[in-house]
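> Here it is, the structure, as C-alpha cells.
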Amino acid sequence: MLAGTCATASDQPTAGSTARRPRVATINSIYRLRSHAYHIAGRFIHGYTRNGFHHQPPFDLVRMWNHQQPANDLGPGVCKTHNIELTKTIPEALGAGKGLDVDAVLLIIEHGDYPSNERGQVLYPRYEFFEQIVEVFKKAGRSVPVFVDKHLSYDHRLAAKMVATAKEMKFGLMAGSSLPVTWRRPEIEPPLGTKFEEAVVCFGFDRGTVEIYLFHALEVLQCMLERRAGGETGVKSVQFLQGDAVWKAGDEGRWSWRLLNAALSRCPSHNTGPVRENVLQPQAVLVEYQDGTRGAALNLIEQTSEFAIGAKVADRVEPVSSCFYLPAPPGARFFDPLTWNIEKFFTTGTPPYPVERTLLTSTMTDLAMQSLHEGSKVISNPALGIKYTAPGDSGFFRGPYIDAG
C-alpha cells in the first residue's frame with residue numbers, strides 16, 4: 001500500500017483471504033446520540049443503507065478519541081461493545097508509540113461545549129486537532145487520508161493553512177457536509193459548463209448560531225454554481241443582510257424573487273401565505289462571484305425547514321430547482337451518502353470532490369459572519385479568490401432512502 005493512500009479495491013480481502021482490512025481512527029469532539037460523530041463514525045461501526053440495502057463499510061474502526069465526556073456520553077459503551085480502543089490522546093488514537101498504524105482518520109469536531117467569539121462563531125478546535133494529527137504524520141514519516149467534518153475552520157486563515165499543509169505533505173484531505181451529496185428532489189445534475197447566471201438557496205433553521213446552517217446553505221449554492229461555464233474562478237464579495245434589508249434587496253433585484261419561489265416550490269414543508277408576512281426576521285447572504293454570477297442564501301425559518309435551490313440558466317425560460325432532501329433524525333440518513341463518499345476517499349486517497357470547495361464555503365461563511373458583525377458591510381478579501389474544477393459526478397445519492405422491503 002502506498003503511503004498517503006488507503007486500500008484500493010484490489011487490496012480488499014476476498015473470501016478466505018487473510019489480508020487485513022484498512023484501519024480507521026476517529027477523532028471526535030463528542031460521541032453522544034445524534035452528534036455528527038455518532039452518525040459518521042457510527043456508520044463505520046454499524047453500517048448503513050445503500051440503494052435500499054444494508055451496506056457494511058470494508059474498514060475497521062479501531063480507535064476513538066473524544067475531547068469531551070458529557071453525562072450522556074456513549075463513547076465508552078460503544079467502544080467496549082465493538083472492541084474499539086478508547087484512547088486518552090490524539091496521538092494514541094493514531095498509534096503513537098507504535099508509529100502511525102492506521103490507514104485513514106476521521107476528524108469530527110461538531111457538537112460539544114465550546115465558547116463562541118464576538119461574531120457568534122463557535123470556536124471548534126478543528127485546526128488545533130488537525131495539527132496534532134499532522135505532528136503524528138511528521139514523526140512517522142508518512143501520512144494517510146484525513147476527512148474533516150463540515151467546514152475546515154471558523155477562521156478562513158486557519159482553513160487555508162490546513163489545505164496548504166495537506167498539499168505540502170501530499171496527503172488527501174476531504175471536508176464538507178452531507179448537503180452536496182444528499183438526495184435531490186428532483187434528481188438534477190447540471191452538466192459541467194452550464195451557463196448559470198444566478199442562484200438562490202432557501203433554508204429555514206434555528207438562528208441561534210447563524211453559521212451552523214449558513215455553512216450548509218452555502219454548500220448547496222456552491223455545489224451547483226461550481227458547475228457553471230468557466231468553472232470556479234472565485235468570489236468577489238459577500239454581504240450579510242437582516243430584516244427589511246433582505247426584502248429591499250430582493251425588490252431592488254439584488255436577488256431574485258422568482259428564483260426564491262422556484263426553490264420554495266420544491267420544499268415539502270413550504271408554508272402557506274406570503275413570505276413577507278410569515279417570516280419575521282429574514283436573513284440573507286449575498287454572494288457576488290468574480291465572473292459576475294450572483295448567489296444568495298436566505299434563512300426563512302417560518303417558511304420552510306428544507307434546503308432548496310432555484311437557478312437561472314442563460315437561454316432557458318424556466319428556472320432549474322431542487323430540494324436537497326434530509327431524512328429526519330434519529331436516523332438522519334443524509335449521513336449515508338456522506339459516509340459513502342468518505343469511503344470512496346479512504347479507498348483511493350483522492351477526495352471525490354475538491355477540498356477547495358469546502359475552503360471556499362468555509363471562507364464565505366467566515367466573511368459573512370464578519371459582515372454581520374460589522375453591520376452588513378460588503379466584505380471583499382483576496383482569500384475568496386479560490387479557483388478549482390468541479391467533479392464530473394457530484395456524488396449525490398439517487399433512488400430510495402429507505403431499506404428494501
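Ligands are numbered from 1 in the order shown, chains are lettered A, B, ... in the order of the C-alpha cells, and residues start at 1 in each chain.
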In segment 66-119 of chain A, what's alpha helix (DSSP H) per DSSP? Answer as a ChimeraX atom specification?
/A:75-81,90-94
> Set the distance at 12 Å and use only C-alpha atoms: which residues neighbour Leu100 of chain A once local chain neighbours fewer than 2 positions away are removed? I'd like the list as a PyMOL selection string.
chain A and resi 3-4+23-25+90-98+102-105+133-144
> With C-alpha atoms retained, could you export that selection as a PDB file, in the first residue's frame?

ATOM      1  CA  ALA A   3       1.989   5.992   1.793  1.00  0.00           C
ATOM      2  CA  GLY A   4      -0.683   8.658   1.860  1.00  0.00           C
ATOM      3  CA  ARG A  23      -7.892   0.608   9.865  1.00  0.00           C
ATOM      4  CA  VAL A  24      -9.586   3.889  10.737  1.00  0.00           C
ATOM      5  CA  ALA A  25      -9.190   6.172  13.755  1.00  0.00           C
ATOM      6  CA  ILE A  90      -4.997  12.046  19.707  1.00  0.00           C
ATOM      7  CA  PRO A  91      -1.504  10.588  19.057  1.00  0.00           C
ATOM      8  CA  GLU A  92      -2.533   7.382  20.843  1.00  0.00           C
ATOM      9  CA  ALA A  93      -5.566   7.098  18.571  1.00  0.00           C
ATOM     10  CA  LEU A  94      -3.261   7.135  15.550  1.00  0.00           C
ATOM     11  CA  GLY A  95      -0.886   4.579  17.040  1.00  0.00           C
ATOM     12  CA  ALA A  96       1.702   6.734  18.777  1.00  0.00           C
ATOM     13  CA  GLY A  97       4.347   4.594  20.405  1.00  0.00           C
ATOM     14  CA  LYS A  98       3.909   2.046  17.623  1.00  0.00           C
ATOM     15  CA  VAL A 102      -3.997   3.434  10.871  1.00  0.00           C
ATOM     16  CA  ASP A 103      -4.883   3.901   7.215  1.00  0.00           C
ATOM     17  CA  ALA A 104      -7.273   6.841   7.490  1.00  0.00           C
ATOM     18  CA  VAL A 105      -8.505   9.415  10.009  1.00  0.00           C
ATOM     19  CA  ILE A 133      -2.717  14.636  13.600  1.00  0.00           C
ATOM     20  CA  VAL A 134      -0.143  16.234  11.298  1.00  0.00           C
ATOM     21  CA  GLU A 135       2.524  16.032  14.020  1.00  0.00           C
ATOM     22  CA  VAL A 136       1.986  12.263  14.184  1.00  0.00           C
ATOM     23  CA  PHE A 137       2.389  12.107  10.395  1.00  0.00           C
ATOM     24  CA  LYS A 138       5.654  14.057  10.580  1.00  0.00           C
ATOM     25  CA  LYS A 139       7.110  11.832  13.269  1.00  0.00           C
ATOM     26  CA  ALA A 140       6.054   8.693  11.374  1.00  0.00           C
ATOM     27  CA  GLY A 141       7.478   9.946   8.091  1.00  0.00           C
ATOM     28  CA  ARG A 142       4.276   9.134   6.252  1.00  0.00           C
ATOM     29  CA  SER A 143       0.643  10.230   6.119  1.00  0.00           C
ATOM     30  CA  VAL A 144      -2.849   8.910   5.441  1.00  0.00           C
TER      31      VAL A 144
END
> Neighbours of Ser305 of chain A within 12 Å (only C-alpha atoms; same-chain residues fewer than 3 positions away dropped), as JSON, numbers by chain?
{"A": [202, 203, 204, 205, 206, 213, 217, 264, 266, 267, 268, 269, 270, 271, 298, 299, 300, 301, 302, 308, 323, 324, 325, 326, 327, 328]}
> Near segment 192-195 of chain A, within 9 Å and counting only C-alpha atoms, which residues show up once chain neighbours fewer than 2 positions away are dropped, as a list in words?
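The contact residues come out as Glu189, Pro190, Glu197, Leu225, Glu226, Arg227, Arg228, Ala229, Gly230, Gly231, Lys312, Val313, Ala314, Asp315, Ala390, Pro391 and Gly392 of chain A.
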> Write a file of the selected residues as an mmCIF file, in the first residue's frame, keeping C-alpha atoms.

data_model
loop_
_atom_site.group_PDB
_atom_site.id
_atom_site.type_symbol
_atom_site.label_atom_id
_atom_site.label_comp_id
_atom_site.auth_asym_id
_atom_site.auth_seq_id
_atom_site.Cartn_x
_atom_site.Cartn_y
_atom_site.Cartn_z
ATOM 1 C CA GLU A 189 -27.167 17.244 -12.043
ATOM 2 C CA PRO A 190 -26.330 20.259 -14.228
ATOM 3 C CA GLU A 197 -26.387 33.440 -14.207
ATOM 4 C CA LEU A 225 -22.700 27.101 -9.223
ATOM 5 C CA GLU A 226 -19.254 25.486 -9.353
ATOM 6 C CA ARG A 227 -20.549 23.659 -12.450
ATOM 7 C CA ARG A 228 -21.016 26.913 -14.387
ATOM 8 C CA ALA A 229 -19.298 27.774 -17.642
ATOM 9 C CA GLY A 230 -15.676 28.658 -16.999
ATOM 10 C CA GLY A 231 -15.517 26.681 -13.766
ATOM 11 C CA LYS A 312 -31.317 30.892 -13.730
ATOM 12 C CA VAL A 313 -29.586 29.398 -16.746
ATOM 13 C CA ALA A 314 -28.944 31.513 -19.833
ATOM 14 C CA ASP A 315 -31.246 30.757 -22.773
ATOM 15 C CA ALA A 390 -15.821 20.743 -10.135
ATOM 16 C CA PRO A 391 -16.100 16.935 -10.321
ATOM 17 C CA GLY A 392 -17.900 15.395 -13.272
#
> If you run DSSP over the backbone, which residues in segment 120-243 of chain A end up strand (DSSP E or B)? Put them as an MDAnalysis selection string.
chainID A and resid 122 146:150 173:176 183:185 194 196:203 228 232 235:242
> Take the selection from the previous step and output its residues with N, CA, C and O atoms, as a tab-separated table (two decimals), in the first residue's frame.

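Written output follows (part-v8.tsv):
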chain	number	residue	atom	x	y	z
A	122	VAL	N	-18.81	29.50	16.74
A	122	VAL	CA	-18.38	28.51	17.71
A	122	VAL	C	-16.91	28.17	17.44
A	122	VAL	O	-16.53	27.86	16.31
A	146	VAL	N	-7.24	12.18	5.47
A	146	VAL	CA	-7.95	12.77	6.60
A	146	VAL	C	-9.26	13.39	6.10
A	146	VAL	O	-9.23	14.20	5.16
A	147	PHE	N	-10.36	13.02	6.73
A	147	PHE	CA	-11.64	13.66	6.46
A	147	PHE	C	-11.97	14.60	7.61
A	147	PHE	O	-11.93	14.21	8.78
A	148	VAL	N	-12.33	15.86	7.28
A	148	VAL	CA	-12.73	16.86	8.27
A	148	VAL	C	-14.22	17.13	8.08
A	148	VAL	O	-14.65	17.60	7.02
A	149	ASP	N	-15.01	16.87	9.10
A	149	ASP	CA	-16.45	17.08	9.02
A	149	ASP	C	-16.78	18.57	8.97
A	149	ASP	O	-16.22	19.38	9.71
A	150	LYS	N	-17.72	18.93	8.09
A	150	LYS	CA	-18.22	20.30	7.90
A	150	LYS	C	-17.11	21.24	7.44
A	150	LYS	O	-16.22	20.86	6.69
A	173	LEU	N	-6.98	15.28	1.60
A	173	LEU	CA	-7.79	15.98	2.58
A	173	LEU	C	-9.17	16.20	1.97
A	173	LEU	O	-9.29	16.76	0.88
A	174	MET	N	-10.17	15.76	2.68
A	174	MET	CA	-11.57	15.92	2.25
A	174	MET	C	-12.33	16.58	3.39
A	174	MET	O	-12.05	16.34	4.57
A	175	ALA	N	-13.29	17.43	3.06
A	175	ALA	CA	-14.07	18.10	4.09
A	175	ALA	C	-15.46	18.40	3.54
A	175	ALA	O	-15.73	18.21	2.35
A	176	GLY	N	-16.33	18.87	4.42
A	176	GLY	CA	-17.67	19.26	3.98
A	176	GLY	C	-18.76	18.53	4.71
A	176	GLY	O	-18.52	17.71	5.61
A	183	TRP	N	-29.87	13.31	-1.12
A	183	TRP	CA	-30.84	13.14	-2.20
A	183	TRP	C	-31.35	14.49	-2.69
A	183	TRP	O	-31.51	15.43	-1.90
A	184	ARG	N	-31.62	14.58	-3.98
A	184	ARG	CA	-32.20	15.79	-4.56
A	184	ARG	C	-33.55	15.44	-5.16
A	184	ARG	O	-33.70	14.41	-5.83
A	185	ARG	N	-34.53	16.29	-4.90
A	185	ARG	CA	-35.87	16.09	-5.44
A	185	ARG	C	-36.26	17.34	-6.21
A	185	ARG	O	-36.52	18.37	-5.60
A	194	THR	N	-22.53	24.50	-17.51
A	194	THR	CA	-23.86	25.09	-17.55
A	194	THR	C	-23.76	26.61	-17.39
A	194	THR	O	-23.02	27.11	-16.54
A	196	PHE	N	-24.93	29.16	-15.87
A	196	PHE	CA	-25.65	29.76	-14.74
A	196	PHE	C	-25.42	31.28	-14.72
A	196	PHE	O	-24.31	31.76	-14.95
A	197	GLU	N	-26.49	32.00	-14.40
A	197	GLU	CA	-26.39	33.44	-14.21
A	197	GLU	C	-26.61	33.83	-12.75
A	197	GLU	O	-26.01	34.79	-12.27
A	198	GLU	N	-27.47	33.08	-12.07
A	198	GLU	CA	-27.82	33.42	-10.70
A	198	GLU	C	-28.45	32.21	-10.03
A	198	GLU	O	-29.07	31.37	-10.69
A	199	ALA	N	-28.31	32.12	-8.71
A	199	ALA	CA	-28.97	31.06	-7.95
A	199	ALA	C	-29.35	31.59	-6.58
A	199	ALA	O	-28.64	32.42	-6.00
A	200	VAL	N	-30.50	31.11	-6.07
A	200	VAL	CA	-30.98	31.48	-4.75
A	200	VAL	C	-31.27	30.20	-3.97
A	200	VAL	O	-31.98	29.32	-4.45
A	201	VAL	N	-30.70	30.11	-2.77
A	201	VAL	CA	-30.94	28.99	-1.86
A	201	VAL	C	-31.87	29.47	-0.75
A	201	VAL	O	-31.65	30.54	-0.18
A	202	CYS	N	-32.90	28.69	-0.46
A	202	CYS	CA	-33.72	28.97	0.72
A	202	CYS	C	-33.49	27.87	1.74
A	202	CYS	O	-33.21	26.72	1.40
A	203	PHE	N	-33.56	28.24	3.01
A	203	PHE	CA	-33.48	27.27	4.08
A	203	PHE	C	-34.16	27.87	5.30
A	203	PHE	O	-34.48	29.06	5.32
A	228	ARG	N	-20.71	25.93	-13.35
A	228	ARG	CA	-21.02	26.91	-14.39
A	228	ARG	C	-19.91	26.99	-15.44
A	228	ARG	O	-18.77	26.53	-15.21
A	232	GLU	N	-15.02	27.26	-11.49
A	232	GLU	CA	-14.98	28.14	-10.32
A	232	GLU	C	-13.77	29.06	-10.39
A	232	GLU	O	-12.63	28.61	-10.38
A	235	VAL	N	-14.78	34.18	-5.64
A	235	VAL	CA	-15.84	35.09	-5.21
A	235	VAL	C	-15.26	36.50	-5.04
A	235	VAL	O	-14.15	36.67	-4.52
A	236	LYS	N	-16.03	37.49	-5.44
A	236	LYS	CA	-15.62	38.89	-5.30
A	236	LYS	C	-15.98	39.46	-3.94
A	236	LYS	O	-15.16	40.13	-3.30
A	237	SER	N	-17.22	39.17	-3.46
A	237	SER	CA	-17.65	39.75	-2.19
A	237	SER	C	-18.81	38.98	-1.60
A	237	SER	O	-19.52	38.25	-2.30
A	238	VAL	N	-19.00	39.15	-0.29
A	238	VAL	CA	-20.15	38.60	0.42
A	238	VAL	C	-20.72	39.70	1.31
A	238	VAL	O	-20.00	40.59	1.75
A	239	GLN	N	-22.04	39.60	1.55
A	239	GLN	CA	-22.69	40.57	2.43
A	239	GLN	C	-23.82	39.88	3.18
A	239	GLN	O	-24.62	39.14	2.59
A	240	PHE	N	-23.91	40.12	4.47
A	240	PHE	CA	-24.98	39.56	5.31
A	240	PHE	C	-26.03	40.64	5.55
A	240	PHE	O	-25.71	41.76	5.97
A	241	LEU	N	-27.30	40.29	5.29
A	241	LEU	CA	-28.41	41.20	5.50
A	241	LEU	C	-29.41	40.61	6.47
A	241	LEU	O	-29.54	39.37	6.55
A	242	GLN	N	-30.13	41.49	7.18
A	242	GLN	CA	-31.16	41.05	8.11
A	242	GLN	C	-32.40	41.94	7.99
A	242	GLN	O	-32.31	43.10	7.58
> Ranking A:Pro180, A:Asn51, A:Pro145, A:Leu107 by minimum distance to Tyr127 of chain A and counting only C-alpha atoms, which one comes first?
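Checking each of A:Pro180, A:Asn51, A:Pro145, A:Leu107 against Tyr127 of chain A, counting only C-alpha atoms, the winner is A:Leu107.
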> May I ask for the distance between atom CA of Tyr353 of chain A and atom CA of Thr233 of chain A, given in Å to one decimal place?
16.1 Å
> Which residues are near Pro352 of chain A? Cut-off 8 Å, only C-alpha atoms, ignore same chain within fewer than 3 positions. Put them as a list in words.
Asn341, Lys344, Phe345, Pro391 and Gly395 of chain A
> Write a file of the just-selected residues containing C-alpha atoms, as a PDB file, in the first residue's frame.

ATOM      1  CA  ASN A 341     -18.195   9.389  -0.244  1.00  0.00           C
ATOM      2  CA  LYS A 344     -14.502   6.306  -1.642  1.00  0.00           C
ATOM      3  CA  PHE A 345     -11.955   8.813  -0.396  1.00  0.00           C
ATOM      4  CA  PRO A 391     -16.100  16.935 -10.321  1.00  0.00           C
ATOM      5  CA  GLY A 395     -21.692  12.018  -5.923  1.00  0.00           C
TER       6      GLY A 395
END
> For Gly47 of chain A, work out the shell of residues within 12 Å, counting only C-alpha atoms and skipping chain neighbours fewer than 6 positions away, then give it as a PyMOL selection string.
chain A and resi 39-41+53-61+333+335-337+339-340+343
